[in-house]
Number of protein chains: 2
Amino acid sequence: MDMGDRKDEILALADQLVKSVGYGAFSYADLSEKLGITKASIHHHFPHKEDLGAALCDSYAERMKRGFEKAEAAPGAAWSKLERHFEQGSALVADHAKNCPLAALQAQVNTLPEPMKERLKRLDELELGFFARILAAGRDKGELSFRGAPEAQAALMLSAYKGAMAFARVHGCRFFKDTMAQMKAMVGT
Amino acid sequence: MDMGDRKDEILALADQLVKSVGYGAFSYADLSEKLGITKASIHHHFPHKEDLGAALCDSYAERMKRGFEKAEAAPGAAWSKLERHFEQGSALVADHAKNCPLAALQAQVNTLPEPMKERLKRLDELELGFFARILAAGRDKGELSFRGAPEAQAALMLSAYKGAMAFARVHGCRFFKDTMAQMKAMVGT
DNA sequence: GTCTATAAATGGATAGAC
DNA sequence: GTCTATCCATTTATAGAC
């Protein structure tokens with residue numbers, strides 16, 4: 001029943017807002033109202049918005065590392081691991097047309113402070129590496145079929161995944177499901 | 001030596017800014033400085049920012065319709081038509097990490113005024129329809145190979161295309177070229 | 001750690017002269 | 001069609017009391 005650190009509460013809300021409207025479009029006033037504390041209090045925890053953004057990226061990094069380690073250690077077919085990843089996207093779009101936070105940051109990369117750009121690049125690399133490893137192992141076991149390097153296939157599949165989410169925010173969940181089904185047919189399972 | 005309509009000048013600059021930072025992140029002050037006229041003058045042409053955004057969408061619609069008609073009427077293989085489309089993305093990323101304007105608007109859809117959301121949806125449909133028709137014709141002629149409905153394949157390929165651009169803004173042009181090469185291998189040409 | 005109060009800058013927008 | 005001048009709300013941020 002612990003409400004957790006204030007800092008974590010702020011980060012959790014910022015996470016929701018990034019997924020909903022992106023980094024540039026939420027303010028300390030938004031956080032203040034929804035948390036029931038003043039803007040000044042939030043500045044106490046994160047003096048500059050950039051500090052909040054960087055901390056948020058760091059929290060994404062930790063969460064992703066844990067999630068990927070767990071997924072790779074677990075038993076199960078390669079495709080089912082990728083599918084579990086894709087289900088997160090499905091849930092985001094279904095939840096008031098939210099977006100993948102990394103995709104949201106990519107879209108605003110030209111307005112992001114430098115420390116966030118660097119972090120974003122590493123976050124993308126984490127996700128791309130995870131996919132490449134799953135794909136390589138899946139092809140080795142004959143579970144998946146694709147041409148070229150696993151890294152290239154990872155880039156293609158993640159690009160399609162994020163792109164499909166972006167479309168689905170405008171055109172509805174159905175778009176995401178149909179497009180991911182088409183991707184599944186492509187990878188040959 | 002005609003400087004063209006002021007209105008068109010404003011729209012052309014707004015287009016550049018949307019591709020660079022998105023709709024929410026540029027201001028009348030940005031336009032004012034770069035055009036050398038005051039904010040009030042811009043408000044004369046577009047009273048509300050929303051009017052400017054909607055007019056910009058309308059200009060996209062016209063440009064796209066003309067481009068698609070021309071591409072479909074022209075001779076040449078299906079893949080080469082798609083490839084010409086993809087080259088626009090390549091040029092955007094190479095030009096200071098610009099983004100596809102439709103993708104930029106998709107990313108900010110939850111902050112867009114309603115008239116822009118509706119227009120965005122129709123713009124996406126224009127592009128999806130174009131791709132679906134090219135793909136259907138290409139498969140009929142045996143130039144392209146894919147499973148399922150042309151509409152589903154169009155959604156997949158455009159999702160991958162837009163997603164690859166978004167990644168490339170962070171990771172460099174190379175990412176885009178490699179990912180599109182992987183897509184070409186996938187569609188079997 | 002949270003508050004009140006406030007500052008300085010910016011963003012969208014309008015009135016009215018030229 | 002463009003300008004000056006101005007308005008009001010918002011955003012980021014700080015100082016200092018409790």
# chains A, B, ... in the order shown; residues from 1 in each chain; ligands from 1
>>> residues_around(residues="region 168-179 of chain B", least_positions_apart="3", cutoff="8 Å", atoms="only C-alpha atoms (C1' of nucleotides)", output="list of chain:residue names")
A:Gln106, A:Val109, A:Lys117, A:Leu120, A:Lys121, A:Ala152, A:Gln153, A:Ala155, A:Leu156, B:Ser90, B:Val93, B:Ala94, B:Ala97, B:Lys98, B:Asn99, B:Ala164, B:Met165, B:Gln182, B:Met183
>>> write_last_selection(atoms="N, CA, C and O atoms", output="compact mmCIF listing (two decimals), in the first residue's frame")
# COMPACT_ATOMS: atom_id res chain seq x y z
N GLN A 106 11.28 9.76 -30.66
CA GLN A 106 11.85 9.84 -32.01
C GLN A 106 11.18 10.94 -32.81
O GLN A 106 11.85 11.70 -33.53
N VAL A 109 12.54 14.32 -31.97
CA VAL A 109 13.99 14.30 -31.73
C VAL A 109 14.64 15.65 -32.00
O VAL A 109 15.58 16.04 -31.30
N LYS A 117 18.51 13.01 -26.38
CA LYS A 117 18.82 12.41 -27.68
C LYS A 117 19.77 11.23 -27.52
O LYS A 117 19.56 10.16 -28.10
N LEU A 120 17.99 8.35 -25.94
CA LEU A 120 17.03 7.75 -26.87
C LEU A 120 17.75 6.79 -27.83
O LEU A 120 17.26 5.69 -28.11
N LYS A 121 18.89 7.22 -28.30
CA LYS A 121 19.65 6.38 -29.23
C LYS A 121 19.99 5.04 -28.57
O LYS A 121 19.84 3.98 -29.18
N ALA A 152 19.28 -6.50 -39.66
CA ALA A 152 18.46 -5.83 -40.68
C ALA A 152 16.99 -6.21 -40.55
O ALA A 152 16.10 -5.37 -40.68
N GLN A 153 16.74 -7.48 -40.27
CA GLN A 153 15.36 -7.93 -40.10
C GLN A 153 14.75 -7.32 -38.83
O GLN A 153 13.57 -6.97 -38.81
N ALA A 155 15.52 -4.38 -37.62
CA ALA A 155 15.22 -3.00 -37.98
C ALA A 155 13.91 -2.92 -38.77
O ALA A 155 13.07 -2.04 -38.52
N LEU A 156 13.74 -3.84 -39.68
CA LEU A 156 12.52 -3.84 -40.50
C LEU A 156 11.28 -4.11 -39.66
O LEU A 156 10.27 -3.41 -39.76
N SER B 90 14.01 9.21 -48.09
CA SER B 90 15.47 9.26 -48.01
C SER B 90 15.96 10.70 -48.03
O SER B 90 16.82 11.09 -47.24
N VAL B 93 15.14 12.56 -44.60
CA VAL B 93 16.04 12.23 -43.51
C VAL B 93 17.41 12.87 -43.73
O VAL B 93 18.02 13.39 -42.79
N ALA B 94 17.87 12.85 -44.98
CA ALA B 94 19.17 13.43 -45.29
C ALA B 94 19.19 14.94 -45.06
O ALA B 94 20.22 15.52 -44.73
N ALA B 97 17.58 15.60 -40.83
CA ALA B 97 16.71 14.70 -40.07
C ALA B 97 15.26 15.12 -40.08
O ALA B 97 14.57 15.07 -39.06
N LYS B 98 14.80 15.57 -41.26
CA LYS B 98 13.38 15.89 -41.37
C LYS B 98 12.56 14.60 -41.37
O LYS B 98 13.08 13.51 -41.59
N ASN B 99 11.27 14.77 -41.13
CA ASN B 99 10.36 13.63 -41.06
C ASN B 99 9.29 13.77 -42.13
O ASN B 99 9.05 14.87 -42.63
N ALA B 164 10.89 3.38 -40.37
CA ALA B 164 12.32 3.44 -40.69
C ALA B 164 12.81 4.88 -40.74
O ALA B 164 13.93 5.19 -40.31
N MET B 165 11.97 5.78 -41.23
CA MET B 165 12.34 7.19 -41.24
C MET B 165 12.52 7.71 -39.82
O MET B 165 13.46 8.45 -39.52
N GLN B 182 16.13 -4.27 -46.89
CA GLN B 182 15.56 -5.48 -46.31
C GLN B 182 14.10 -5.65 -46.73
O GLN B 182 13.64 -6.75 -47.01
N MET B 183 13.41 -4.54 -46.84
CA MET B 183 12.02 -4.60 -47.28
C MET B 183 11.94 -5.04 -48.73
O MET B 183 11.05 -5.83 -49.09
>>> residues_around(residues="DT14 (chain C)", least_positions_apart="2", cutoff="12 Å", atoms="only C-alpha atoms (C1' of nucleotides)", output="tab-separated table (two decimals) with all heavy atoms, in the first residue's frame")
chain	number	residue	atom	x	y	z
B	39	LYS	N	4.12	38.91	-36.72
B	39	LYS	CA	3.13	37.88	-36.36
B	39	LYS	C	1.73	38.32	-36.77
B	39	LYS	O	0.93	37.51	-37.27
B	39	LYS	CB	3.16	37.64	-34.84
B	39	LYS	CG	4.38	36.90	-34.34
B	39	LYS	CD	4.18	36.43	-32.91
B	39	LYS	CE	4.12	37.57	-31.92
B	39	LYS	NZ	3.79	37.13	-30.56
B	40	ALA	N	1.44	39.59	-36.56
B	40	ALA	CA	0.10	40.10	-36.89
B	40	ALA	C	-0.22	39.89	-38.38
B	40	ALA	O	-1.36	39.57	-38.74
B	40	ALA	CB	-0.01	41.58	-36.54
B	41	SER	N	0.80	40.06	-39.22
B	41	SER	CA	0.59	39.85	-40.66
B	41	SER	C	0.23	38.40	-40.96
B	41	SER	O	-0.59	38.12	-41.84
B	41	SER	CB	1.84	40.25	-41.43
B	41	SER	OG	2.09	41.62	-41.28
B	43	HIS	N	-1.23	36.41	-38.86
B	43	HIS	CA	-2.61	36.21	-38.39
B	43	HIS	C	-3.62	36.76	-39.39
B	43	HIS	O	-4.77	36.32	-39.43
B	43	HIS	CB	-2.80	36.90	-37.03
B	43	HIS	CG	-2.34	36.09	-35.87
B	43	HIS	ND1	-3.01	34.98	-35.42
B	43	HIS	CD2	-1.25	36.20	-35.06
B	43	HIS	CE1	-2.36	34.45	-34.39
B	43	HIS	NE2	-1.29	35.17	-34.15
B	44	HIS	N	-3.21	37.74	-40.20
B	44	HIS	CA	-4.11	38.25	-41.25
B	44	HIS	C	-4.43	37.14	-42.26
B	44	HIS	O	-5.57	37.00	-42.70
B	44	HIS	CB	-3.48	39.44	-41.95
B	44	HIS	CG	-4.20	39.85	-43.20
B	44	HIS	ND1	-5.41	40.53	-43.19
B	44	HIS	CD2	-3.91	39.66	-44.51
B	44	HIS	CE1	-5.82	40.74	-44.42
B	44	HIS	NE2	-4.93	40.22	-45.25
B	47	PRO	N	-5.93	33.44	-39.40
B	47	PRO	CA	-6.31	34.01	-38.10
B	47	PRO	C	-5.89	33.12	-36.91
B	47	PRO	O	-5.35	33.62	-35.94
B	47	PRO	CB	-7.83	34.12	-38.20
B	47	PRO	CG	-8.10	34.26	-39.66
B	47	PRO	CD	-7.04	33.44	-40.35
B	48	HIS	N	-6.15	31.82	-37.03
B	48	HIS	CA	-5.78	30.90	-35.96
B	48	HIS	C	-4.78	29.89	-36.48
B	48	HIS	O	-4.79	29.55	-37.66
B	48	HIS	CB	-7.01	30.19	-35.41
B	48	HIS	CG	-8.12	31.11	-35.03
B	48	HIS	ND1	-8.18	31.75	-33.82
B	48	HIS	CD2	-9.20	31.54	-35.73
B	48	HIS	CE1	-9.26	32.52	-33.77
B	48	HIS	NE2	-9.90	32.41	-34.92
C	12	DG	P	1.89	29.31	-30.97
C	12	DG	OP1	1.63	27.95	-31.45
C	12	DG	OP2	2.75	30.23	-31.73
C	12	DG	O5'	0.48	30.04	-30.73
C	12	DG	C5'	-0.48	29.41	-29.90
C	12	DG	C4'	-1.62	30.38	-29.68
C	12	DG	O4'	-1.09	31.57	-29.06
C	12	DG	C3'	-2.32	30.82	-30.96
C	12	DG	O3'	-3.71	30.61	-30.83
C	12	DG	C2'	-1.96	32.30	-31.08
C	12	DG	C1'	-1.66	32.70	-29.65
C	12	DG	N9	-0.69	33.78	-29.52
C	12	DG	C8	0.56	33.85	-30.08
C	12	DG	N7	1.20	34.95	-29.77
C	12	DG	C5	0.32	35.65	-28.96
C	12	DG	C6	0.47	36.90	-28.33
C	12	DG	O6	1.42	37.68	-28.36
C	12	DG	N1	-0.68	37.24	-27.59
C	12	DG	C2	-1.79	36.45	-27.48
C	12	DG	N2	-2.78	36.93	-26.74
C	12	DG	N3	-1.93	35.27	-28.07
C	12	DG	C4	-0.85	34.94	-28.79
C	16	DG	P	-10.66	49.09	-31.90
C	16	DG	OP1	-11.21	50.01	-30.88
C	16	DG	OP2	-11.55	48.41	-32.88
C	16	DG	O5'	-9.53	49.88	-32.71
C	16	DG	C5'	-8.38	50.34	-32.03
C	16	DG	C4'	-7.38	50.88	-33.03
C	16	DG	O4'	-6.65	49.78	-33.63
C	16	DG	C3'	-8.02	51.63	-34.21
C	16	DG	O3'	-7.18	52.73	-34.52
C	16	DG	C2'	-8.00	50.59	-35.32
C	16	DG	C1'	-6.66	49.95	-35.03
C	16	DG	N9	-6.40	48.67	-35.67
C	16	DG	C8	-7.29	47.67	-35.99
C	16	DG	N7	-6.71	46.65	-36.57
C	16	DG	C5	-5.36	47.00	-36.63
C	16	DG	C6	-4.26	46.28	-37.14
C	16	DG	O6	-4.23	45.17	-37.66
C	16	DG	N1	-3.07	47.01	-36.98
C	16	DG	C2	-2.97	48.24	-36.41
C	16	DG	N2	-1.76	48.78	-36.36
C	16	DG	N3	-4.01	48.92	-35.93
C	16	DG	C4	-5.16	48.23	-36.07
D	5	DA	P	5.13	51.07	-31.14
D	5	DA	OP1	5.61	52.45	-30.89
D	5	DA	OP2	6.04	49.93	-30.97
D	5	DA	O5'	3.85	50.82	-30.24
D	5	DA	C5'	2.54	51.14	-30.72
D	5	DA	C4'	1.52	50.36	-29.91
D	5	DA	O4'	1.14	49.16	-30.64
D	5	DA	C3'	2.01	49.89	-28.54
D	5	DA	O3'	1.12	50.39	-27.56
D	5	DA	C2'	2.03	48.37	-28.63
D	5	DA	C1'	0.99	48.10	-29.72
D	5	DA	N9	1.19	46.84	-30.43
D	5	DA	C8	2.36	46.34	-30.95
D	5	DA	N7	2.22	45.17	-31.55
D	5	DA	C5	0.87	44.89	-31.41
D	5	DA	C6	0.08	43.81	-31.82
D	5	DA	N6	0.56	42.75	-32.50
D	5	DA	N1	-1.25	43.83	-31.53
D	5	DA	C2	-1.73	44.89	-30.84
D	5	DA	N3	-1.09	45.97	-30.41
D	5	DA	C4	0.21	45.91	-30.73
D	6	DT	P	1.45	50.23	-25.96
D	6	DT	OP1	0.97	51.44	-25.28
D	6	DT	OP2	2.83	49.74	-25.80
D	6	DT	O5'	0.44	49.05	-25.60
D	6	DT	C5'	-0.83	49.00	-26.27
D	6	DT	C4'	-1.44	47.63	-26.11
D	6	DT	O4'	-0.94	46.69	-27.09
D	6	DT	C3'	-1.16	46.97	-24.76
D	6	DT	O3'	-2.35	46.96	-24.01
D	6	DT	C2'	-0.65	45.58	-25.11
D	6	DT	C1'	-1.09	45.41	-26.55
D	6	DT	N1	-0.28	44.43	-27.34
D	6	DT	C2	-0.92	43.38	-27.97
D	6	DT	O2	-2.13	43.21	-27.91
D	6	DT	N3	-0.11	42.54	-28.68
D	6	DT	C4	1.27	42.63	-28.81
D	6	DT	O4	1.89	41.81	-29.48
D	6	DT	C5	1.88	43.75	-28.13
D	6	DT	C7	3.37	43.93	-28.20
D	6	DT	C6	1.10	44.58	-27.43
D	7	DC	P	-2.41	46.40	-22.52
D	7	DC	OP1	-3.29	47.29	-21.75
D	7	DC	OP2	-1.02	46.15	-22.08
D	7	DC	O5'	-3.15	45.01	-22.70
D	7	DC	C5'	-4.19	44.90	-23.67
D	7	DC	C4'	-4.71	43.47	-23.69
D	7	DC	O4'	-3.97	42.72	-24.68
D	7	DC	C3'	-4.53	42.75	-22.35
D	7	DC	O3'	-5.76	42.21	-21.93
D	7	DC	C2'	-3.46	41.70	-22.64
D	7	DC	C1'	-3.53	41.51	-24.14
D	7	DC	N1	-2.22	41.18	-24.77
D	7	DC	C2	-2.12	40.09	-25.64
D	7	DC	O2	-3.13	39.41	-25.87
D	7	DC	N3	-0.92	39.80	-26.20
D	7	DC	C4	0.14	40.56	-25.93
D	7	DC	N4	1.31	40.23	-26.52
D	7	DC	C5	0.07	41.68	-25.05
D	7	DC	C6	-1.12	41.95	-24.50
D	8	DC	P	-5.99	41.86	-20.41
D	8	DC	OP1	-7.37	42.24	-20.03
D	8	DC	OP2	-4.81	42.30	-19.62
D	8	DC	O5'	-5.93	40.28	-20.51
D	8	DC	C5'	-6.67	39.59	-21.51
D	8	DC	C4'	-6.13	38.18	-21.62
D	8	DC	O4'	-4.88	38.18	-22.34
D	8	DC	C3'	-5.83	37.55	-20.25
D	8	DC	O3'	-6.49	36.31	-20.23
D	8	DC	C2'	-4.31	37.45	-20.21
D	8	DC	C1'	-3.97	37.32	-21.69
D	8	DC	N1	-2.58	37.71	-22.09
D	8	DC	C2	-1.90	36.92	-23.02
D	8	DC	O2	-2.47	35.91	-23.48
D	8	DC	N3	-0.65	37.27	-23.39
D	8	DC	C4	-0.08	38.37	-22.89
D	8	DC	N4	1.16	38.66	-23.29
D	8	DC	C5	-0.75	39.19	-21.94
D	8	DC	C6	-1.99	38.83	-21.57
>>> residues_around(residues="DA15 (chain D)", least_positions_apart="6", cutoff="12 Å", atoms="only C-alpha atoms (C1' of nucleotides)", output="MDAnalysis selection string")
(chainID A and resid 40) or (chainID C and resid 4:7)
>>> residues_around(residues="DT12 (chain D)", least_positions_apart="5", cutoff="9 Å", atoms="only C-alpha atoms (C1' of nucleotides)", output="JSON, numbers by chain")
{"A": [27, 28, 48, 49], "C": [9]}
>>> interface_residues(of="chain C", to="chain A", cutoff="8 Å", atoms="only C-alpha atoms (C1' of nucleotides)", output="PyMOL selection string")
chain C and resi 1-3
>>> select_by_dssp(residues="region 49-99 of chain A", states="helix (DSSP H, G or I)", output="PDB file with N, CA and C atoms, in the first residue's frame")
ATOM      1  N   LYS A  49      13.069  20.616 -16.702  1.00  0.00           N
ATOM      2  CA  LYS A  49      12.263  19.599 -17.397  1.00  0.00           C
ATOM      3  C   LYS A  49      13.181  18.552 -18.029  1.00  0.00           C
ATOM      4  N   GLU A  50      14.306  19.028 -18.494  1.00  0.00           N
ATOM      5  CA  GLU A  50      15.304  18.144 -19.093  1.00  0.00           C
ATOM      6  C   GLU A  50      15.756  17.045 -18.117  1.00  0.00           C
ATOM      7  N   ASP A  51      15.857  17.405 -16.836  1.00  0.00           N
ATOM      8  CA  ASP A  51      16.230  16.411 -15.823  1.00  0.00           C
ATOM      9  C   ASP A  51      15.160  15.328 -15.718  1.00  0.00           C
ATOM     10  N   LEU A  52      13.926  15.770 -15.755  1.00  0.00           N
ATOM     11  CA  LEU A  52      12.813  14.816 -15.722  1.00  0.00           C
ATOM     12  C   LEU A  52      12.850  13.912 -16.951  1.00  0.00           C
ATOM     13  N   GLY A  53      13.076  14.516 -18.102  1.00  0.00           N
ATOM     14  CA  GLY A  53      13.121  13.735 -19.340  1.00  0.00           C
ATOM     15  C   GLY A  53      14.243  12.710 -19.326  1.00  0.00           C
ATOM     16  N   ALA A  54      15.398  13.126 -18.846  1.00  0.00           N
ATOM     17  CA  ALA A  54      16.538  12.205 -18.803  1.00  0.00           C
ATOM     18  C   ALA A  54      16.277  11.073 -17.816  1.00  0.00           C
ATOM     19  N   ALA A  55      15.716  11.410 -16.665  1.00  0.00           N
ATOM     20  CA  ALA A  55      15.402  10.388 -15.658  1.00  0.00           C
ATOM     21  C   ALA A  55      14.376   9.402 -16.208  1.00  0.00           C
ATOM     22  N   LEU A  56      13.436   9.922 -16.964  1.00  0.00           N
ATOM     23  CA  LEU A  56      12.426   9.055 -17.572  1.00  0.00           C
ATOM     24  C   LEU A  56      13.086   8.069 -18.541  1.00  0.00           C
ATOM     25  N   CYS A  57      14.007   8.571 -19.350  1.00  0.00           N
ATOM     26  CA  CYS A  57      14.747   7.694 -20.255  1.00  0.00           C
ATOM     27  C   CYS A  57      15.505   6.621 -19.479  1.00  0.00           C
ATOM     28  N   ASP A  58      16.117   7.031 -18.384  1.00  0.00           N
ATOM     29  CA  ASP A  58      16.857   6.056 -17.587  1.00  0.00           C
ATOM     30  C   ASP A  58      15.930   4.984 -17.028  1.00  0.00           C
ATOM     31  N   SER A  59      14.737   5.388 -16.631  1.00  0.00           N
ATOM     32  CA  SER A  59      13.789   4.394 -16.116  1.00  0.00           C
ATOM     33  C   SER A  59      13.348   3.446 -17.223  1.00  0.00           C
ATOM     34  N   TYR A  60      13.217   3.970 -18.438  1.00  0.00           N
ATOM     35  CA  TYR A  60      12.892   3.096 -19.573  1.00  0.00           C
ATOM     36  C   TYR A  60      14.012   2.079 -19.780  1.00  0.00           C
ATOM     37  N   ALA A  61      15.245   2.545 -19.680  1.00  0.00           N
ATOM     38  CA  ALA A  61      16.387   1.653 -19.913  1.00  0.00           C
ATOM     39  C   ALA A  61      16.372   0.491 -18.929  1.00  0.00           C
ATOM     40  N   GLU A  62      16.133   0.815 -17.671  1.00  0.00           N
ATOM     41  CA  GLU A  62      16.119  -0.253 -16.655  1.00  0.00           C
ATOM     42  C   GLU A  62      14.990  -1.245 -16.913  1.00  0.00           C
ATOM     43  N   ARG A  63      13.806  -0.697 -17.169  1.00  0.00           N
ATOM     44  CA  ARG A  63      12.648  -1.552 -17.395  1.00  0.00           C
ATOM     45  C   ARG A  63      12.874  -2.460 -18.610  1.00  0.00           C
ATOM     46  N   MET A  64      13.439  -1.888 -19.658  1.00  0.00           N
ATOM     47  CA  MET A  64      13.650  -2.669 -20.880  1.00  0.00           C
ATOM     48  C   MET A  64      14.700  -3.756 -20.652  1.00  0.00           C
ATOM     49  N   LYS A  65      15.789  -3.404 -19.996  1.00  0.00           N
ATOM     50  CA  LYS A  65      16.835  -4.410 -19.737  1.00  0.00           C
ATOM     51  C   LYS A  65      16.267  -5.579 -18.962  1.00  0.00           C
ATOM     52  N   ARG A  66      15.524  -5.278 -17.905  1.00  0.00           N
ATOM     53  CA  ARG A  66      14.908  -6.350 -17.114  1.00  0.00           C
ATOM     54  C   ARG A  66      13.980  -7.190 -17.974  1.00  0.00           C
ATOM     55  N   GLY A  67      13.102  -6.522 -18.706  1.00  0.00           N
ATOM     56  CA  GLY A  67      12.122  -7.235 -19.526  1.00  0.00           C
ATOM     57  C   GLY A  67      12.774  -8.113 -20.578  1.00  0.00           C
ATOM     58  N   PHE A  68      13.819  -7.601 -21.210  1.00  0.00           N
ATOM     59  CA  PHE A  68      14.472  -8.359 -22.282  1.00  0.00           C
ATOM     60  C   PHE A  68      15.230  -9.559 -21.711  1.00  0.00           C
ATOM     61  N   GLU A  69      15.918  -9.345 -20.591  1.00  0.00           N
ATOM     62  CA  GLU A  69      16.621 -10.466 -19.945  1.00  0.00           C
ATOM     63  C   GLU A  69      15.651 -11.589 -19.610  1.00  0.00           C
ATOM     64  N   LYS A  70      14.538 -11.193 -19.029  1.00  0.00           N
ATOM     65  CA  LYS A  70      13.529 -12.166 -18.626  1.00  0.00           C
ATOM     66  C   LYS A  70      12.991 -12.913 -19.838  1.00  0.00           C
ATOM     67  N   ALA A  71      12.680 -12.170 -20.889  1.00  0.00           N
ATOM     68  CA  ALA A  71      12.123 -12.787 -22.096  1.00  0.00           C
ATOM     69  C   ALA A  71      13.105 -13.753 -22.734  1.00  0.00           C
ATOM     70  N   GLU A  72      14.382 -13.370 -22.754  1.00  0.00           N
ATOM     71  CA  GLU A  72      15.374 -14.224 -23.403  1.00  0.00           C
ATOM     72  C   GLU A  72      15.672 -15.481 -22.587  1.00  0.00           C
ATOM     73  N   ALA A  73      15.573 -15.344 -21.267  1.00  0.00           N
ATOM     74  CA  ALA A  73      15.839 -16.495 -20.406  1.00  0.00           C
ATOM     75  C   ALA A  73      14.672 -17.484 -20.430  1.00  0.00           C
ATOM     76  N   ALA A  78      10.501 -18.414 -30.617  1.00  0.00           N
ATOM     77  CA  ALA A  78      10.964 -17.052 -30.910  1.00  0.00           C
ATOM     78  C   ALA A  78       9.788 -16.127 -31.214  1.00  0.00           C
ATOM     79  N   TRP A  79       8.908 -16.611 -32.088  1.00  0.00           N
ATOM     80  CA  TRP A  79       7.797 -15.729 -32.472  1.00  0.00           C
ATOM     81  C   TRP A  79       6.940 -15.337 -31.277  1.00  0.00           C
ATOM     82  N   SER A  80       6.744 -16.247 -30.343  1.00  0.00           N
ATOM     83  CA  SER A  80       5.889 -15.923 -29.192  1.00  0.00           C
ATOM     84  C   SER A  80       6.524 -14.831 -28.342  1.00  0.00           C
ATOM     85  N   LYS A  81       7.849 -14.788 -28.326  1.00  0.00           N
ATOM     86  CA  LYS A  81       8.526 -13.715 -27.570  1.00  0.00           C
ATOM     87  C   LYS A  81       8.336 -12.367 -28.262  1.00  0.00           C
ATOM     88  N   LEU A  82       8.452 -12.373 -29.570  1.00  0.00           N
ATOM     89  CA  LEU A  82       8.218 -11.134 -30.313  1.00  0.00           C
ATOM     90  C   LEU A  82       6.760 -10.706 -30.166  1.00  0.00           C
ATOM     91  N   GLU A  83       5.879 -11.699 -30.202  1.00  0.00           N
ATOM     92  CA  GLU A  83       4.453 -11.406 -30.111  1.00  0.00           C
ATOM     93  C   GLU A  83       4.098 -10.767 -28.766  1.00  0.00           C
ATOM     94  N   ARG A  84       4.752 -11.245 -27.720  1.00  0.00           N
ATOM     95  CA  ARG A  84       4.497 -10.632 -26.413  1.00  0.00           C
ATOM     96  C   ARG A  84       4.927  -9.168 -26.432  1.00  0.00           C
ATOM     97  N   HIS A  85       6.008  -8.896 -27.106  1.00  0.00           N
ATOM     98  CA  HIS A  85       6.456  -7.513 -27.254  1.00  0.00           C
ATOM     99  C   HIS A  85       5.410  -6.687 -28.010  1.00  0.00           C
ATOM    100  N   PHE A  86       4.922  -7.235 -29.096  1.00  0.00           N
ATOM    101  CA  PHE A  86       3.942  -6.515 -29.917  1.00  0.00           C
ATOM    102  C   PHE A  86       2.637  -6.264 -29.162  1.00  0.00           C
ATOM    103  N   GLU A  87       2.321  -7.165 -28.223  1.00  0.00           N
ATOM    104  CA  GLU A  87       1.084  -6.986 -27.466  1.00  0.00           C
ATOM    105  C   GLU A  87       1.110  -5.715 -26.622  1.00  0.00           C
ATOM    106  N   GLN A  88       2.305  -5.308 -26.244  1.00  0.00           N
ATOM    107  CA  GLN A  88       2.413  -4.040 -25.520  1.00  0.00           C
ATOM    108  C   GLN A  88       1.943  -2.891 -26.405  1.00  0.00           C
ATOM    109  N   GLY A  89       2.301  -2.951 -27.663  1.00  0.00           N
ATOM    110  CA  GLY A  89       1.856  -1.921 -28.595  1.00  0.00           C
ATOM    111  C   GLY A  89       0.353  -1.932 -28.767  1.00  0.00           C
ATOM    112  N   SER A  90      -0.204  -3.106 -28.858  1.00  0.00           N
ATOM    113  CA  SER A  90      -1.647  -3.253 -28.978  1.00  0.00           C
ATOM    114  C   SER A  90      -2.354  -2.624 -27.786  1.00  0.00           C
ATOM    115  N   ALA A  91      -1.821  -2.869 -26.600  1.00  0.00           N
ATOM    116  CA  ALA A  91      -2.425  -2.314 -25.381  1.00  0.00           C
ATOM    117  C   ALA A  91      -2.314  -0.793 -25.362  1.00  0.00           C
ATOM    118  N   LEU A  92      -1.187  -0.267 -25.814  1.00  0.00           N
ATOM    119  CA  LEU A  92      -1.000   1.184 -25.831  1.00  0.00           C
ATOM    120  C   LEU A  92      -2.025   1.860 -26.740  1.00  0.00           C
ATOM    121  N   VAL A  93      -2.148   1.364 -27.955  1.00  0.00           N
ATOM    122  CA  VAL A  93      -3.087   1.972 -28.893  1.00  0.00           C
ATOM    123  C   VAL A  93      -4.514   1.882 -28.364  1.00  0.00           C
ATOM    124  N   ALA A  94      -4.850   0.737 -27.758  1.00  0.00           N
ATOM    125  CA  ALA A  94      -6.204   0.551 -27.223  1.00  0.00           C
ATOM    126  C   ALA A  94      -6.472   1.515 -26.071  1.00  0.00           C
TER     127      ALA A  94
END
